[in-house]
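Accompanying notes for the structure given below.
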Protein chains: 2
Amino acid sequence: MEWWVSDRRREPGQISLADIAAEAGVSVSTVSRIANGDLGRASASTVAKVQRLIAERGYRPNPVGRSLRGGESRLVAMLAPNLDNPAMAAIAASTEAALRAAGYVMVLCDTHDRPDLQDEYLRAMRSRFAEGFILVSAVASAELEASVKRGEPVVFVNRRNPYGDPYGGGAFVGIDNRKAGADAADYLLDCGVRAPAVIHPAELSSTIRERVEGFIDRLREKRPDMTVRRAEGAGANHLDCGYAAALSLVAAGGWPDGVLCPSDLMAYGLFRAAGERGGRIPDDCRPVGIDDNDLNAWIAPWLSSVKIPYRAFGEQVVACLLALRAGTLDGEVLLGHELVRR
Amino acid sequence: MEWWVSDRRREPGQISLADIAAEAGVSVSTVSRIANGDLGRASASTVAKVQRLIAERGYRPNPVGRSLRGGESRLVAMLAPNLDNPAMAAIAASTEAALRAAGYVMVLCDTHDRPDLQDEYLRAMRSRFAEGFILVSAVASAELEASVKRGEPVVFVNRRNPYGDPYGGGAFVGIDNRKAGADAADYLLDCGVRAPAVIHPAELSSTIRERVEGFIDRLREKRPDMTVRRAEGAGANHLDCGYAAALSLVAAGGWPDGVLCPSDLMAYGLFRAAGERGGRIPDDCRPVGIDDNDLNAWIAPWLSSVKIPYRAFGEQVVACLLALRAGTLDGEVLLGHELVRR
DNA sequence: TTGAACATGGCAAACGTTTGCCTAAACTGT
DNA sequence: ACAGTTTAGGCAAACGTTTGCCATGTTCAA
């Protein structure tokens with residue numbers, strides 16, 4: 001054990017209630033009450049003296065002692081599938097800011113989309129008395145089911161609660177994915193596309209499925225005779241998936257004149273495939289993405305995309321969490337989206 | 001106070017030493033010792049019984065109780081300036097993985113490059129008994145100075161310890177920025193560039209300054225008669241800076257045939273400016289970046305860049321941290337970089 | 001037979017906080 | 001003057017853990 005752990009009390013940084021109490025000549029209880037704003041239980045002079053000392057010595061209540069006592073920990077855990085994805089980073093950043101504004105500290109855990117890691121973090125955070133959980137694109141897992149069953153405050157982002165059915169769905173922040181897909185379809189039709197296609201990962205998450213379905217349904221509705229080609233690709237991430245799917249698409253029947261990429265990263269994969277296979281983007285093949293990564297405006301002028309307001313997610317997530325804790329949850333929050341033409 | 005906080009003991013998820021002790025008919029101390037691997041202090045039968053119960057009930061020591069006692073918290077705080085930057089996200093992701101492998105939990109805090117927020121997080125994490133701090137691109141601040149002075153385990157990433165001088169520099173993980181700049185210069189010369197330029201943010205961080213200096217020094221060394229144009233741009237982030245700097249560059253004297261962008265984001269800003277002002281990239285104006293953002297391979301085929309192995313940072317950072325805690329720090333770690341031609 | 005060594009394990013303090021309950025003293029009304 | 005109430009504040013338990021020290025009981029050697 002190192003000195004800064006074992007002897008930390010000798011350091012001036014960490015003063016406890018007991019230090020203040022000793023110096024003020026009162027009991028720990030009195031200091032605690034005054035520090036917590038319960039001013040009616042001590043004489044005005046005591047209150048003044050203690051408050052002065054608190055300010056002077058810079059006392060700040062120790063969150064660990066508080067947590068242990070069973071009170072609040074001011075800790076909220078966010079479990080996200082991978083920080084590399086710019087969309088996740090945007091959600092994490094905005095949520096962090098909103099939580100800080102609400103007086104919480106956010107712990108960010110990277111689950112790599114693995115149920116076992118998700119469970120491990122869920123356990124670790126629970127035993128640190130996290131007061132809430134934010135699950136971005138959650139996967140089904142045993143501990144998650146336990147959390148939901150126990151009624152712990154969990155907010156789901158992007159993907160809905162996999163165990164929501166019997167318990168009323170739970171808190172959710174996201175967008176209307178079917179409508180986003182439909183908007184993308186409208187855009188391609190508007191551009192005069194006649195032979196559209198859609199690419200998607202080999203295993204479909206609910207989010208991606210909804211986007212693809214919304215896209216196809218809208219096309220069928222507006223152009224009943226139009227056929228929509230479809231290709232899937234495997235890969236560790238959406239970049240690889242998009243690349244593989246695009247290659248398989250062009251191998252099967254050449255370049256379509258428009259293609260839905262249900263995430264921007266897949267569009268990037270398509271772009272690379274086009275570069276290698278001589279497809280001209282967007283002239284010959286017009287992609288439309290969903291996400292609208294912030295970098296698009298800078299380096300992907302060829303990509304129109306449905307802008308998802310990830311930067312606005314944080315505020316909504318925190319509002320949901322607070323409502324959940326107060327017992328006044330009002331269901332799911334769907335934020336608006338808007339197609340950005342480039 | 002909500003039920004899941006106040007009555008959490010009724011839930012099966014949280015069993016304490018006391019629960020096990022009661023069921024085994026031994027004292028809490030005995031269970032604690034056995035749980036911590038001190039098997040010599042109890043009879044074989046007791047050990048077996050307690051171990052069975054621990055496994056059966058799934059007992060896991062409560063980190064909060066441990067922290068309070070003054071032992072380990074297994075908590076490490078990473079303070080990063082902004083998660084939006086893909087380089088930061090890559091560092092965060094790899095560090096998180098390495099810390100998890102070492103049995104730690106990482107708390108990620110977004111300081112927005114503000115000294116006051118950095119201080120707030122430093123305090124908050126200290127009072128949660130964080131066992132170490134990782135400061136990515138740290139700024140100077142009062143609490144940071146206090147931490148360094150007290151000898152708390154701090155690893156600096158990207159930017160060196162601003163208070164390192166009197167205390168021996170401290171732990172640092174990064175690259176040789178001057179050499180990275182020099183490599184970029186070699187590349188441009190190799191491409192036959194004759195009128196190079198460099199753009200950079202209005203206020204120079206030490207990192208950026210070193211890159212720019214390395215670039216200019218190498219050019220002077222190899223081509224003493226060559227003049228290097230220089231433009232700076234202001235903005236909230238490197239994208240805006242790069243854009244503004246590029247505009248000012250071209251306004252002052254047209255497009256250079258090669259330009260150092262000391263971060264990839266600045267190169268993206270330049271790209272956008274070129275798109276608007278009719279500069280042809282990379283044919284007329286060849287940019288060279290530093291970072292080599294992963295997305296470059298997919299959507300920025302026009303950008304050669306010095307690849308910084310951010311994915312490898314995590315392992316080194318954690319090694320540094322452990323060495324620091326063990327008192328065997330061996331100074332700074334400079335990782336290699338390599339220019340990627342596109 | 002007696003002392004020492006060892007095996008086994010419990011007690012209690014400590015970490016920092018919160019809070020129900022208790023105890024004085026002072027004050028109020030009659 | 002006395003009962004009742006308010007004011008001011010302390011005591012101690014509880015949260016979960018770790019660990020130095022103490023207390024038995026057994027074994028062993030001289």
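Chain identifiers are assigned as A, B, and so on, following the order in which chains appear in the structure tokens; residues are numbered from 1 within each chain, and ligands are numbered from 1 in order of appearance.
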request  = May I have the residues within 12 Å of DG10 (chain C) as a PyMOL selection string, using only C-alpha atoms (C1' of nucleotides) and disregarding those fewer than 2 positions away in the same chain?
outcome  = (chain B and resi 21+25-31+41-42) or (chain C and resi 8+12) or (chain D and resi 21-24)
Kindly save the residues from that selection, with C-alpha atoms (C1' of nucleotides) included, as a PDB file, in the first residue's frame.
```pdb
ATOM      1  CA  ALA B  21     -20.659 -15.197   8.044  1.00  0.00           C
ATOM      2  CA  GLY B  25     -21.724 -19.660  11.590  1.00  0.00           C
ATOM      3  CA  VAL B  26     -18.357 -17.895  11.720  1.00  0.00           C
ATOM      4  CA  SER B  27     -17.316 -14.316  12.221  1.00  0.00           C
ATOM      5  CA  VAL B  28     -17.072 -11.668   9.589  1.00  0.00           C
ATOM      6  CA  SER B  29     -13.305 -11.493  10.019  1.00  0.00           C
ATOM      7  CA  THR B  30     -12.912 -15.132   9.154  1.00  0.00           C
ATOM      8  CA  VAL B  31     -14.931 -14.776   5.994  1.00  0.00           C
ATOM      9  CA  ARG B  41      -5.909 -18.796   9.489  1.00  0.00           C
ATOM     10  CA  ALA B  42      -8.837 -21.160   9.515  1.00  0.00           C
TER      11      ALA B  42
ATOM     12  C1'  DT C   8      -8.249 -21.403  15.099  1.00  0.00           C
ATOM     13  C1'  DA C  12     -13.311  -4.230  17.938  1.00  0.00           C
TER      14       DA C  12
ATOM     15  C1'  DC D  21      -4.696  -7.988  18.801  1.00  0.00           C
ATOM     16  C1'  DC D  22      -6.568 -11.153  22.056  1.00  0.00           C
ATOM     17  C1'  DA D  23      -8.553 -15.684  23.650  1.00  0.00           C
ATOM     18  C1'  DT D  24      -9.193 -20.104  23.692  1.00  0.00           C
TER      19       DT D  24
END
```
So that each row is one residue of chain D with an atom at most 7 Å from chain B, can you give its shortest atom pair and the distance in Å to one decimal, using only C-alpha atoms (C1' of nucleotides), rows by chain and rising number, as CSV?
```
residue,atom,partner,partner_atom,distance
D:DG16,C1',B:Gly65,CA,4.4
D:DT17,C1',B:Gly65,CA,5.0
D:DT18,C1',B:Arg69,CA,6.8
```
Since we have the selection now, will you write its residues out, keeping N, CA, C and O atoms (P, O5', C5', C4', C3', O3' and C1' of nucleotides), as an mmCIF file, in the first residue's frame?
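Listing of selection.cif after writing:
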```cif
data_model
loop_
_atom_site.group_PDB
_atom_site.id
_atom_site.type_symbol
_atom_site.label_atom_id
_atom_site.label_comp_id
_atom_site.auth_asym_id
_atom_site.auth_seq_id
_atom_site.Cartn_x
_atom_site.Cartn_y
_atom_site.Cartn_z
ATOM 1 P P DG D 16 -24.277 -3.586 3.878
ATOM 2 O "O5'" DG D 16 -22.704 -3.701 3.664
ATOM 3 C "C5'" DG D 16 -22.145 -3.203 2.467
ATOM 4 C "C4'" DG D 16 -20.652 -3.381 2.507
ATOM 5 C "C3'" DG D 16 -20.209 -4.808 2.845
ATOM 6 O "O3'" DG D 16 -19.280 -5.224 1.863
ATOM 7 C "C1'" DG D 16 -19.144 -3.251 4.285
ATOM 8 P P DT D 17 -18.567 -6.633 1.966
ATOM 9 O "O5'" DT D 17 -17.146 -6.223 2.536
ATOM 10 C "C5'" DT D 17 -16.365 -5.315 1.792
ATOM 11 C "C4'" DT D 17 -15.220 -4.765 2.601
ATOM 12 C "C3'" DT D 17 -14.215 -5.794 3.097
ATOM 13 O "O3'" DT D 17 -13.135 -5.797 2.177
ATOM 14 C "C1'" DT D 17 -14.654 -4.058 4.711
ATOM 15 P P DT D 18 -11.976 -6.879 2.337
ATOM 16 O "O5'" DT D 18 -11.062 -6.254 3.480
ATOM 17 C "C5'" DT D 18 -10.377 -5.041 3.223
ATOM 18 C "C4'" DT D 18 -9.595 -4.643 4.459
ATOM 19 C "C3'" DT D 18 -8.530 -5.648 4.908
ATOM 20 O "O3'" DT D 18 -7.341 -4.910 5.087
ATOM 21 C "C1'" DT D 18 -9.889 -5.029 6.730
#
```
key: Length of the CA of Ala245 (chain B) to CA of His200 (chain B) vector [Å]   =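 Those two atoms sit 6.9 Å apart.
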request  = Enumerate as a ChimeraX atom specification all residues of region 171-325 of chain B assigned to helix (DSSP H, G or I) by DSSP on the backbone, naming them with the chain letters and numbers the document uses.
outcome  = /B:177-190,206-222,238-253,264-277,296-299,310-325
task = Fewer than 3 positions away in the same chain doesn't count, so skip those; otherwise give me all residues within 12 Å of DC2 (chain D), counting only C-alpha atoms (C1' of nucleotides), as a PyMOL selection string.
result = chain C and resi 28-30
Could you write out that same residue set with N, CA, C and O atoms (P, O5', C5', C4', C3', O3' and C1' of nucleotides) as an mmCIF file, in the first residue's frame?
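Result written to result.cif:
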```
data_model
loop_
_atom_site.group_PDB
_atom_site.id
_atom_site.type_symbol
_atom_site.label_atom_id
_atom_site.label_comp_id
_atom_site.auth_asym_id
_atom_site.auth_seq_id
_atom_site.Cartn_x
_atom_site.Cartn_y
_atom_site.Cartn_z
ATOM 1 P P DT C 28 -39.769 32.998 26.300
ATOM 2 O "O5'" DT C 28 -41.178 32.285 26.484
ATOM 3 C "C5'" DT C 28 -41.622 31.337 25.501
ATOM 4 C "C4'" DT C 28 -42.840 30.609 26.049
ATOM 5 C "C3'" DT C 28 -43.875 31.535 26.695
ATOM 6 O "O3'" DT C 28 -45.023 31.633 25.835
ATOM 7 C "C1'" DT C 28 -43.484 29.552 28.009
ATOM 8 P P DG C 29 -46.104 32.740 26.175
ATOM 9 O "O5'" DG C 29 -47.140 31.921 27.062
ATOM 10 C "C5'" DG C 29 -47.643 30.679 26.593
ATOM 11 C "C4'" DG C 29 -48.377 29.950 27.714
ATOM 12 C "C3'" DG C 29 -49.442 30.806 28.421
ATOM 13 O "O3'" DG C 29 -50.621 30.021 28.588
ATOM 14 C "C1'" DG C 29 -47.927 29.921 30.020
ATOM 15 P P DT C 30 -51.996 30.737 29.014
ATOM 16 O "O5'" DT C 30 -52.141 30.357 30.549
ATOM 17 C "C5'" DT C 30 -52.379 28.999 30.903
ATOM 18 C "C4'" DT C 30 -52.102 28.785 32.368
ATOM 19 C "C3'" DT C 30 -52.971 29.638 33.305
ATOM 20 O "O3'" DT C 30 -53.824 28.783 34.054
ATOM 21 C "C1'" DT C 30 -50.704 29.547 34.021
#
```
request  = Could you tell me how far CA of Ala24 (chain B) lies from CA of Val50 (chain B), in Å and to one decimal?
outcome  =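 According to the coordinates, CA of Ala24 (chain B) and CA of Val50 (chain B) are separated by 6.3 Å.
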Chain B contacts to chain A at 7 Å (only C-alpha atoms) as a list of chain:residue names = B:Trp4, B:Val5, B:Ser6, B:Asn62, B:Pro63, B:Val64, B:Gly65, B:Leu68, B:Gly70, B:Leu83, B:Asp84, B:Ala89, B:Ala90, B:Ala93, B:Val107, B:Leu108, B:Ser127, B:Arg128, B:Glu152, B:Tyr268, B:Gly269, B:Phe271, B:Arg272, B:Trp298, B:Ile299
message = Among region 107-210 of chain A, which ones does DSSP assign to strand (DSSP E or B) (computed from the backbone)? Answer as a ChimeraX atom specification.
response = /A:107-110,132-136,154-157,171-175,196-201
request  = Pick out the chain C residues within 9 Å of chain A. Count only C-alpha atoms (C1' of nucleotides). Give them as a ChimeraX atom specification.
outcome  = /C:15-19
task = Please measure the separation of CA of Leu204 (chain A) and CA of Ala184 (chain A), giving the value in Å to one decimal.
result = 18.5 Å
ask   = Which residues come within 12 Å of DA5 (chain C), counting only C-alpha atoms (C1' of nucleotides), excluding same-chain residues fewer than 2 positions away, as a PyMOL selection string?
value = (chain C and resi 3+7) or (chain D and resi 26-29)
request  = Choose the residue, out of B:Ile134, B:Ile34, B:Ala140, B:Val157, that has the smallest atom-to-atom separation from Gly174 (chain B); count only C-alpha atoms.
outcome  =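 Among the listed residues, the smallest separation from Gly174 (chain B) belongs to B:Val157.
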task = Go through D:DA14, D:DA1, D:DT6, D:DT19 one by one, measure the shortest atom-to-atom distance of each to DG20 (chain C) using only C-alpha atoms (C1' of nucleotides), and give the residue with the smallest value.
result =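 When distances to DG20 (chain C) are compared using only C-alpha atoms (C1' of nucleotides), the smallest one comes from D:DA14.
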